[in-house]
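Some notes on the structure that comes next.
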Amino acid sequence: MKAKDRETRETKSTVEGILAASDWDAAGNIIEIKMLATDEEEYRVENRDAFMNLLQKYIRASGAIHPDRNGIKTIHIRKCTVLETGFEDDTAILNMA
């Protein structure tokens with residue numbers, strides 16, 4: 001796929017939801033995480049290693065959303081805020097620039 005084609009399919013968005021494990025290796029290690037979003041969508045997290053410590057947390061994530069080659073919606077998180085019971089916890093803001 002050409003870079004220009006990818007740019008037209010990619011959107012910058014902010015979504016809220018819970019991070020959850022979605023795939024494991026034979027040893028039981030988490031190898032894939034997804035965001036179960038309030039917009040009733042699921043997003044595979046591309047840069048998952050940076051967010052493993054936030055599994056089962058409710059977050060607001062901003063970043064590039066695009067379908068992968070299998071049509072699965074994927075997010076590359078650039079900014080993440082952990083939300084506690086609907087309120088922002090300003091001490092937990094991560095910028096992934």
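Naming scheme: A, B, ... for chains in displayed order of the structure tokens; residues 1 onward per chain; ligands 1 onward as shown.
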Practice item. Compile the contact shell of A:Ile33 as a list in words: residues with an atom at most 12 Å away, counting only C-alpha atoms, same-chain residues fewer than 4 positions apart removed. Key: Ile18, Leu19, Ala20, Ala21, Ser22, Asp23, Trp24, Asn29, Glu42, Tyr43, Arg44, Val45, Glu46, Asn47, Arg48, Asp49, Ala50, Phe51, Met52, Asn53, Leu54, Leu55, Gln56, Thr74, Ile75 and His76 of chain A
Go ahead and save the picked residues with C-alpha atoms, as a PDB file, in the first residue's frame.
```pdb
ATOM      1  CA  ILE A  18     -11.081  -0.517  28.672  1.00  0.00           C
ATOM      2  CA  LEU A  19      -7.792  -2.132  27.683  1.00  0.00           C
ATOM      3  CA  ALA A  20      -7.964  -5.938  27.637  1.00  0.00           C
ATOM      4  CA  ALA A  21      -5.724  -8.844  26.677  1.00  0.00           C
ATOM      5  CA  SER A  22      -6.804 -10.423  23.393  1.00  0.00           C
ATOM      6  CA  ASP A  23      -4.136 -13.023  22.533  1.00  0.00           C
ATOM      7  CA  TRP A  24      -1.547 -15.108  24.369  1.00  0.00           C
ATOM      8  CA  ASN A  29       2.198 -14.398  27.975  1.00  0.00           C
ATOM      9  CA  GLU A  42     -12.825  -2.867  19.348  1.00  0.00           C
ATOM     10  CA  TYR A  43      -9.391  -1.555  18.417  1.00  0.00           C
ATOM     11  CA  ARG A  44      -6.196  -3.605  18.330  1.00  0.00           C
ATOM     12  CA  VAL A  45      -3.458  -1.567  20.051  1.00  0.00           C
ATOM     13  CA  GLU A  46      -0.410  -1.354  17.751  1.00  0.00           C
ATOM     14  CA  ASN A  47       2.030  -0.014  20.344  1.00  0.00           C
ATOM     15  CA  ARG A  48       0.804  -2.421  23.042  1.00  0.00           C
ATOM     16  CA  ASP A  49       4.093  -2.722  24.971  1.00  0.00           C
ATOM     17  CA  ALA A  50       3.730   0.824  26.297  1.00  0.00           C
ATOM     18  CA  PHE A  51       0.278   0.048  27.711  1.00  0.00           C
ATOM     19  CA  MET A  52       0.585  -3.436  29.239  1.00  0.00           C
ATOM     20  CA  ASN A  53       0.573  -1.922  32.726  1.00  0.00           C
ATOM     21  CA  LEU A  54      -2.846  -0.368  32.007  1.00  0.00           C
ATOM     22  CA  LEU A  55      -4.752  -3.604  31.308  1.00  0.00           C
ATOM     23  CA  GLN A  56      -8.263  -3.538  32.776  1.00  0.00           C
ATOM     24  CA  THR A  74      -6.201  -0.627  14.839  1.00  0.00           C
ATOM     25  CA  ILE A  75      -5.096   2.302  16.992  1.00  0.00           C
ATOM     26  CA  HIS A  76      -1.607   3.671  17.487  1.00  0.00           C
TER      27      HIS A  76
END
```
Please provide as a JSON list (two decimals) with N, CA and C atoms, in the first residue's frame all residues within 7 Å of stretch 59-64 of chain A, with the sequence filter that same-chain residues fewer than 6 positions apart are discarded (counting only C-alpha atoms).
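The result, written out as around_14.json:
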```json
[["chain", "number", "residue", "atom", "x", "y", "z"],
["A", 10, "GLU", "N", -6.48, 6.50, 7.22],
["A", 10, "GLU", "CA", -6.13, 6.70, 8.62],
["A", 10, "GLU", "C", -6.85, 7.95, 9.15],
["A", 11, "THR", "N", -7.40, 7.85, 10.37],
["A", 11, "THR", "CA", -8.04, 9.00, 10.99],
["A", 11, "THR", "C", -7.43, 9.22, 12.37],
["A", 12, "LYS", "N", -7.38, 10.46, 12.78],
["A", 12, "LYS", "CA", -6.92, 10.79, 14.12],
["A", 12, "LYS", "C", -8.18, 10.95, 14.97],
["A", 13, "SER", "N", -8.27, 10.20, 16.05],
["A", 13, "SER", "CA", -9.47, 10.20, 16.87],
["A", 13, "SER", "C", -9.13, 10.06, 18.34],
["A", 14, "THR", "N", -10.14, 10.32, 19.15],
["A", 14, "THR", "CA", -10.05, 10.08, 20.58],
["A", 14, "THR", "C", -11.20, 9.15, 20.95],
["A", 15, "VAL", "N", -10.87, 8.07, 21.65],
["A", 15, "VAL", "CA", -11.87, 7.10, 22.08],
["A", 15, "VAL", "C", -11.65, 6.77, 23.54],
["A", 16, "GLU", "N", -12.72, 6.32, 24.20],
["A", 16, "GLU", "CA", -12.63, 5.89, 25.59],
["A", 16, "GLU", "C", -13.02, 4.43, 25.68],
["A", 17, "GLY", "N", -12.40, 3.72, 26.62],
["A", 17, "GLY", "CA", -12.75, 2.33, 26.82],
["A", 17, "GLY", "C", -11.78, 1.62, 27.74],
["A", 18, "ILE", "N", -11.90, 0.31, 27.80],
["A", 18, "ILE", "CA", -11.08, -0.52, 28.67],
["A", 18, "ILE", "C", -10.06, -1.28, 27.84],
["A", 75, "ILE", "N", -5.44, 0.97, 16.50],
["A", 75, "ILE", "CA", -5.10, 2.30, 16.99],
["A", 75, "ILE", "C", -3.63, 2.33, 17.40],
["A", 76, "HIS", "N", -2.96, 3.39, 17.01],
["A", 76, "HIS", "CA", -1.61, 3.67, 17.49],
["A", 76, "HIS", "C", -1.77, 4.84, 18.45],
["A", 77, "ILE", "N", -1.71, 4.54, 19.75],
["A", 77, "ILE", "CA", -2.01, 5.55, 20.77],
["A", 77, "ILE", "C", -0.86, 6.54, 20.88],
["A", 78, "ARG", "N", -1.21, 7.82, 20.79],
["A", 78, "ARG", "CA", -0.24, 8.91, 20.95],
["A", 78, "ARG", "C", -0.36, 9.55, 22.32],
["A", 79, "LYS", "N", -1.59, 9.62, 22.85],
["A", 79, "LYS", "CA", -1.82, 10.22, 24.17],
["A", 79, "LYS", "C", -2.85, 9.37, 24.89],
["A", 80, "CYS", "N", -2.60, 9.14, 26.17],
["A", 80, "CYS", "CA", -3.48, 8.28, 26.96],
["A", 80, "CYS", "C", -3.69, 8.89, 28.33],
["A", 81, "THR", "N", -4.95, 8.94, 28.75],
["A", 81, "THR", "CA", -5.29, 9.41, 30.09],
["A", 81, "THR", "C", -6.08, 8.32, 30.78],
["A", 82, "VAL", "N", -5.64, 7.92, 31.97],
["A", 82, "VAL", "CA", -6.39, 6.95, 32.75],
["A", 82, "VAL", "C", -7.55, 7.69, 33.39],
["A", 83, "LEU", "N", -8.76, 7.16, 33.22],
["A", 83, "LEU", "CA", -9.95, 7.78, 33.78],
["A", 83, "LEU", "C", -10.44, 6.94, 34.95]]
```
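Straight-line separation from atom CA of A:Lys34 to atom CA of A:Ile72: 10.8 Å.
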Check your understanding: Do you have the atom CA of A:Ile65-atom CA of A:Ala37 distance handy?
Key ->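 So the two atoms, atom CA of A:Ile65 and atom CA of A:Ala37, lie 12.6 Å apart.
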